[in-house]
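Raw work.tsv, TSV, C-alpha atoms:
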chain	number	residue	atom	x	y	z
A	7	LEU	CA	-9.64	-21.88	-0.99
A	8	LEU	CA	-11.89	-24.80	0.01
A	9	CYS	CA	-13.97	-22.64	2.33
A	10	ALA	CA	-14.28	-19.96	-0.33
A	11	THR	CA	-15.46	-22.24	-3.11
A	12	THR	CA	-17.52	-24.96	-1.46
A	13	ASP	CA	-20.68	-25.42	0.56
A	14	LYS	CA	-19.64	-26.30	4.11
A	15	LYS	CA	-22.37	-28.90	4.59
A	16	SER	CA	-21.93	-30.94	1.44
A	17	LEU	CA	-18.45	-29.77	0.36
A	18	THR	CA	-19.82	-29.71	-3.20
A	19	ILE	CA	-17.64	-27.44	-5.29
A	20	ASP	CA	-19.59	-24.57	-6.85
A	21	ARG	CA	-19.65	-24.64	-10.62
A	22	PRO	CA	-18.16	-21.68	-12.54
A	23	THR	CA	-20.31	-18.74	-13.55
A	24	TYR	CA	-21.49	-19.18	-17.15
A	25	ILE	CA	-22.67	-16.43	-19.46
A	26	GLY	CA	-26.16	-17.89	-19.25
A	27	ASP	CA	-26.19	-17.15	-15.51
A	28	VAL	CA	-25.87	-13.42	-16.09
A	29	THR	CA	-29.25	-11.71	-15.76
A	30	SER	CA	-28.38	-8.26	-17.14
A	31	PRO	CA	-25.70	-6.38	-19.13
A	32	GLU	CA	-24.86	-4.40	-15.98
A	33	GLU	CA	-24.08	-7.60	-14.09
A	34	ALA	CA	-21.83	-8.77	-16.92
A	35	MET	CA	-19.93	-5.48	-16.89
A	36	GLU	CA	-19.52	-5.67	-13.12
A	37	ILE	CA	-18.08	-9.19	-13.41
A	38	LEU	CA	-15.62	-8.01	-16.07
A	39	GLY	CA	-14.61	-5.07	-13.88
A	40	GLN	CA	-14.04	-7.30	-10.87
A	41	THR	CA	-11.98	-9.63	-13.06
A	42	ALA	CA	-9.76	-6.72	-14.07
A	43	LEU	CA	-9.20	-5.73	-10.43
A	44	VAL	CA	-8.39	-9.32	-9.43
A	45	SER	CA	-5.87	-9.43	-12.30
A	46	ALA	CA	-4.32	-6.20	-10.99
A	47	SER	CA	-3.91	-7.77	-7.54
A	48	ILE	CA	-2.21	-10.78	-9.07
A	49	TRP	CA	0.20	-8.56	-11.04
A	50	GLU	CA	1.03	-6.66	-7.84
A	51	THR	CA	1.61	-9.85	-5.86
A	52	ILE	CA	4.16	-11.16	-8.34
A	53	GLY	CA	5.91	-7.79	-8.54
A	54	PHE	CA	4.81	-6.37	-11.92
A	55	GLN	CA	3.81	-2.91	-10.72
A	56	PHE	CA	3.40	-1.39	-14.20
A	57	MET	CA	0.97	-4.15	-15.26
A	58	CYS	CA	-0.89	-3.75	-11.96
A	59	THR	CA	-1.33	-0.03	-12.66
A	60	LEU	CA	-2.36	-0.61	-16.28
A	61	THR	CA	-4.93	-3.28	-15.39
A	62	THR	CA	-6.40	-1.10	-12.64
A	63	GLU	CA	-6.66	1.81	-15.09
A	64	VAL	CA	-8.49	-0.45	-17.58
A	65	GLY	CA	-10.88	-1.71	-14.89
A	66	LEU	CA	-11.81	1.82	-13.79
A	67	GLU	CA	-11.96	3.30	-17.29
A	68	CYS	CA	-14.03	0.54	-18.91
A	69	TYR	CA	-16.12	-0.80	-16.05
A	70	GLY	CA	-15.94	1.86	-13.30
A	71	ASN	CA	-19.61	2.80	-13.63
A	72	TYR	CA	-20.64	-0.79	-12.89
A	73	LEU	CA	-18.35	-1.54	-9.93
A	74	THR	CA	-19.48	-1.30	-6.32
A	75	TYR	CA	-18.30	1.66	-4.29
A	76	ALA	CA	-16.00	-0.57	-2.20
A	77	ALA	CA	-14.34	-2.09	-5.29
A	78	LYS	CA	-13.89	1.31	-6.93
A	79	ASP	CA	-12.49	2.82	-3.73
A	80	SER	CA	-9.96	0.00	-3.38
A	81	ALA	CA	-8.89	0.43	-7.02
A	82	VAL	CA	-8.41	4.19	-6.62
A	83	GLN	CA	-6.31	3.69	-3.48
A	84	ASN	CA	-4.19	1.19	-5.40
A	85	LEU	CA	-3.65	3.69	-8.22
A	86	ALA	CA	-2.70	6.43	-5.77
A	87	ARG	CA	-0.05	4.19	-4.20
A	88	LYS	CA	1.35	3.36	-7.63
A	89	PHE	CA	1.56	7.04	-8.56
A	90	LEU	CA	3.51	7.76	-5.38
A	91	SER	CA	5.94	4.89	-6.13
A	92	GLY	CA	6.55	6.15	-9.65
A	93	ALA	CA	4.36	3.96	-11.87
A	94	LEU	CA	2.84	6.85	-13.84
A	95	LEU	CA	0.83	6.32	-17.00
A	96	VAL	CA	0.98	9.89	-18.24
A	97	GLU	CA	3.07	11.65	-20.86
A	98	ASN	CA	5.85	13.97	-19.76
A	99	LYS	CA	5.59	12.55	-16.27
A	100	ASN	CA	8.57	14.53	-14.99
A	101	LYS	CA	6.53	17.74	-15.32
A	102	PHE	CA	3.98	16.60	-12.76
A	103	CYS	CA	4.06	16.35	-8.96
A	104	ARG	CA	3.45	12.77	-7.87
A	105	TYR	CA	1.34	13.87	-4.93
A	106	GLY	CA	-0.72	16.09	-7.19
A	107	LEU	CA	-1.45	13.18	-9.55
A	108	ALA	CA	-2.33	10.88	-6.67
A	109	LEU	CA	-4.58	13.49	-5.08
A	110	ASN	CA	-6.30	14.04	-8.40
A	111	GLN	CA	-7.20	10.35	-8.49
A	112	VAL	CA	-8.67	10.13	-5.00
A	113	ILE	CA	-10.47	13.50	-5.14
A	114	ASP	CA	-12.15	12.56	-8.42
A	115	GLN	CA	-13.64	9.54	-6.68
A	116	GLY	CA	-14.77	11.50	-3.62
A	117	ASN	CA	-12.38	9.57	-1.34
A	118	SER	CA	-11.85	11.97	1.55
A	119	PHE	CA	-9.99	9.38	3.68
A	120	GLY	CA	-7.46	8.71	0.92
A	121	THR	CA	-7.09	12.44	0.35
A	122	SER	CA	-6.27	12.99	4.03
A	123	LEU	CA	-3.64	10.23	3.93
A	124	LEU	CA	-1.92	11.74	0.93
A	125	VAL	CA	-2.01	15.29	2.27
A	126	HIS	CA	-0.58	14.05	5.58
A	127	GLU	CA	2.36	12.32	3.91
A	128	TRP	CA	2.93	15.35	1.72
A	129	GLY	CA	3.04	17.54	4.86
A	130	VAL	CA	5.55	15.24	6.57
A	131	ARG	CA	7.82	15.11	3.51
A	132	ARG	CA	7.97	18.89	3.20
A	133	GLY	CA	8.42	19.44	6.96
A	134	ASP	CA	5.00	20.90	7.76
A	135	TYR	CA	4.71	18.93	10.99
A	136	GLY	CA	2.02	21.03	12.65
A	137	HIS	CA	-0.35	20.44	9.73
A	138	ALA	CA	0.60	16.75	9.68
A	139	GLU	CA	-0.17	16.29	13.39
A	140	VAL	CA	-3.66	17.71	12.94
A	141	LEU	CA	-4.25	15.40	9.99
A	142	ILE	CA	-3.02	12.27	11.80
A	143	GLU	CA	-5.46	12.93	14.63
A	144	HIS	CA	-8.23	13.34	12.06
A	145	LEU	CA	-7.24	10.06	10.36
A	146	TYR	CA	-7.31	8.13	13.65
A	147	SER	CA	-10.77	9.55	14.37
A	148	ARG	CA	-11.99	8.27	10.98
A	149	LEU	CA	-11.04	4.65	11.68
A	150	HIS	CA	-13.84	2.27	12.60
A	151	SER	CA	-14.31	-1.47	12.21
A	152	ARG	CA	-17.14	-1.15	9.64
A	153	MET	CA	-15.16	0.89	7.12
A	154	THR	CA	-13.96	-0.64	3.85
A	155	ASN	CA	-10.56	-2.35	4.17
A	156	PHE	CA	-10.38	-1.50	7.88
A	157	LYS	CA	-7.27	-3.56	8.64
A	158	LEU	CA	-5.29	-2.10	5.75
A	159	SER	CA	-6.50	1.42	6.52
A	160	GLU	CA	-5.49	1.09	10.16
A	161	ILE	CA	-2.01	-0.13	9.19
A	162	GLU	CA	-1.63	2.71	6.70
A	163	VAL	CA	-2.60	5.36	9.26
A	164	MET	CA	-0.25	3.93	11.89
A	165	THR	CA	2.54	3.76	9.30
A	166	GLN	CA	1.97	7.43	8.49
A	167	HIS	CA	2.11	8.20	12.22
A	168	ALA	CA	5.40	6.30	12.55
A	169	LEU	CA	6.83	8.30	9.63
A	170	LEU	CA	5.80	11.54	11.36
A	171	LEU	CA	7.40	10.43	14.65
A	172	ALA	CA	10.63	9.51	12.88
A	173	ARG	CA	10.80	12.84	11.03
A	174	ARG	CA	10.18	14.74	14.28
A	175	GLY	CA	13.17	12.93	15.81
A	176	TRP	CA	11.16	10.75	18.18
A	177	THR	CA	13.01	7.65	17.03
A	178	VAL	CA	12.25	5.33	19.96
A	179	ALA	CA	8.48	5.83	19.60
A	180	ALA	CA	8.73	5.47	15.82
A	181	ARG	CA	10.69	2.22	16.05
A	182	SER	CA	8.28	0.79	18.60
A	183	LYS	CA	5.27	1.53	16.40
A	184	ILE	CA	6.93	0.14	13.26
A	185	LYS	CA	7.96	-3.09	14.99
A	186	TYR	CA	4.40	-3.53	16.26
A	187	LEU	CA	3.09	-3.08	12.72
A	188	ILE	CA	5.63	-5.54	11.28
A	189	ASP	CA	4.46	-8.21	13.74
A	190	LYS	CA	0.85	-7.41	12.85
A	191	CYS	CA	1.54	-7.75	9.12
A	192	LYS	CA	3.27	-11.08	9.69
A	193	ARG	CA	0.22	-12.40	11.53
A	194	GLU	CA	-2.13	-11.12	8.82
A	195	ARG	CA	0.25	-12.27	6.02
A	196	LEU	CA	0.37	-8.80	4.48
A	197	VAL	CA	3.73	-9.23	2.78
A	198	ILE	CA	3.79	-5.99	0.76
A	199	GLN	CA	3.02	-3.88	3.82
A	200	GLU	CA	5.57	-5.89	5.83
A	201	ALA	CA	8.30	-5.22	3.25
A	202	ASN	CA	7.52	-1.49	3.19
A	203	LEU	CA	7.62	-1.34	6.99
A	204	LEU	CA	10.97	-3.15	7.11
A	205	ILE	CA	12.35	-0.52	4.74
A	206	LEU	CA	10.88	2.27	6.88
A	207	LEU	CA	12.41	0.72	10.02
A	208	THR	CA	15.82	0.52	8.33
A	209	ILE	CA	15.68	4.15	7.19
A	210	THR	CA	14.55	5.25	10.67
A	211	GLN	CA	17.52	3.44	12.22
A	212	LEU	CA	19.96	4.99	9.76
A	213	ASP	CA	18.59	8.51	10.14
A	214	ALA	CA	18.66	8.34	13.94
A	215	ASN	CA	22.46	8.25	14.13
A	216	ILE	CA	24.77	8.60	11.16
A	217	ASP	CA	27.52	6.65	12.95
A	218	GLU	CA	25.29	3.77	14.08
A	219	PHE	CA	24.18	1.30	11.43
A	220	LEU	CA	24.20	-2.14	13.07
A	221	GLY	CA	20.54	-1.84	14.11
A	222	ALA	CA	19.58	-1.43	10.46
A	223	VAL	CA	21.25	-4.64	9.25
A	224	LYS	CA	18.65	-7.11	10.53
A	225	PRO	CA	15.49	-5.44	9.09
A	226	ILE	CA	17.04	-4.78	5.67
A	227	ARG	CA	18.32	-8.36	5.38
A	228	GLU	CA	14.88	-9.62	6.35
A	229	CYS	CA	13.35	-7.34	3.71
A	230	LEU	CA	15.76	-8.58	1.04
A	231	LYS	CA	14.90	-12.18	1.85
A	232	LEU	CA	11.13	-11.51	1.83
A	233	THR	CA	11.12	-9.53	-1.41
A	234	MET	CA	13.31	-12.10	-3.18
A	235	GLU	CA	11.08	-15.00	-2.11
A	236	ARG	CA	7.94	-13.13	-3.20
A	237	ASN	CA	9.44	-11.73	-6.44
A	238	MET	CA	8.70	-8.14	-5.40
A	239	ASP	CA	11.24	-6.64	-7.77
A	240	ILE	CA	10.75	-2.92	-7.07
A	241	LEU	CA	10.86	-3.30	-3.29
A	242	HIS	CA	13.82	-5.66	-3.63
A	243	ALA	CA	15.68	-3.03	-5.69
A	244	THR	CA	14.91	-0.41	-3.02
A	245	ALA	CA	16.18	-2.70	-0.26
A	246	THR	CA	19.31	-3.47	-2.29
A	247	SER	CA	20.13	0.23	-2.64
A	248	ILE	CA	19.76	0.67	1.13
A	249	MET	CA	22.03	-2.31	1.72
A	250	ALA	CA	24.60	-0.68	-0.55
A	251	GLN	CA	24.43	2.43	1.66
A	252	LEU	CA	25.02	0.22	4.70
A	253	HIS	CA	28.09	-1.35	3.08
A	254	TYR	CA	29.40	2.12	2.31
A	255	ARG	CA	29.03	3.17	5.96
A	256	MET	CA	30.75	-0.01	7.11
A	257	SER	CA	33.76	0.75	4.97
Would you write the structure of this file as structure tokens?
Amino acid sequence: LLCATTDKKSLTIDRPTYIGDVTSPEEAMEILGQTALVSASIWETIGFQFMCTLTTEVGLECYGNYLTYAAKDSAVQNLARKFLSGALLVENKNKFCRYGLALNQVIDQGNSFGTSLLVHEWGVRRGDYGHAEVLIEHLYSRLHSRMTNFKLSEIEVMTQHALLLARRGWTVAARSKIKYLIDKCKRERLVIQEANLLILLTITQLDANIDEFLGAVKPIRECLKLTMERNMDILHATATSIMAQLHYRMS
């Protein structure tokens, strides 16, 4: 926080931005839009997914024309993830395909990378592994260090690859990749991604052998602890349901 808000030479704290500092209406609208997206991130961090979705929607609807491409792209990716997890702000939501809604968001913004990610996961979930393998190779080829949110994008692509490996039955390779990503998220302090990966590792362990569940106990307990400490209610509920399945198998 000190490095982000002070001058390194004098360590004089920068004063807040006042309305008199704004040079144009466009700049004011951009600041308001960025404020909305920061608020959405805060809501997500403390576990209020619905408020995160709502605030992101407001930021894009009211200030989208004034945001930078990087900010808008990040917001659209956030909305797509929320749609896939069930936080839908549409009427009669049960009549719509979650992937269709998410794809509609990213396509409208011209986000071809996000579109490829969604189509890949959709292919894996419905068992179209040949299509998914082509897409995962394409996604890896799109990664480069200068792209927006490179670290998060790389983790997301590798997570998708691990999901594909697990669904194809290549459990050892899938587990190895997931464990690598969990360690990476711990180093980068990406707690939401870490929690999701712990859940994926647990499910991979359980699906590998219906009679073997001991390998799934450690990651799901770690996920429960992490999500409780960080007040990530939805992920904690997911982890709790998986733990209930483990208890059932034990009995």
In Å, how far is it from atom CA of Leu73 of chain A to atom CA of Pro31 of chain A? 12.7 Å
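Among the candidate residues A:Ser47, A:Lys157, A:Tyr72, A:Leu38, the one lying nearest to Glu194 of chain A is A:Lys157, with distances computed using all atoms listed in the file.
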Distance in Å - atom CA of Gly175 of chain A versus atom CA of Ile248 of chain A: 20.2 Å
I'd like the interatomic distance between atom CA of Ile142 of chain A and atom CA of Trp176 of chain A, to a tenth of an Å.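 That distance, rounded to one decimal, is 15.6 Å.
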Identify which of the residues A:Leu145, A:Asp189, A:Thr154, A:Ser45 lies closest to Thr74 of chain A, counting only C-alpha atoms when measuring atom-to-atom distances.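 Going through A:Leu145, A:Asp189, A:Thr154, A:Ser45 one by one, the smallest distance to Thr74 of chain A is for A:Thr154.
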Need to verify the contact set: segment 237-241 of chain A, 10 Å, all atoms listed in the file, exclusion of same-chain residues closer than 3 positions in sequence. Can you return it as a PyMOL selection string? chain A and resi 50-55+91+197-198+201-202+205+229-234+244-247
Shortest interatomic distance to Arg148 of chain A - which of A:Val125, A:Glu33, A:Phe119, A:Ala172, counting all atoms listed in the file: A:Phe119
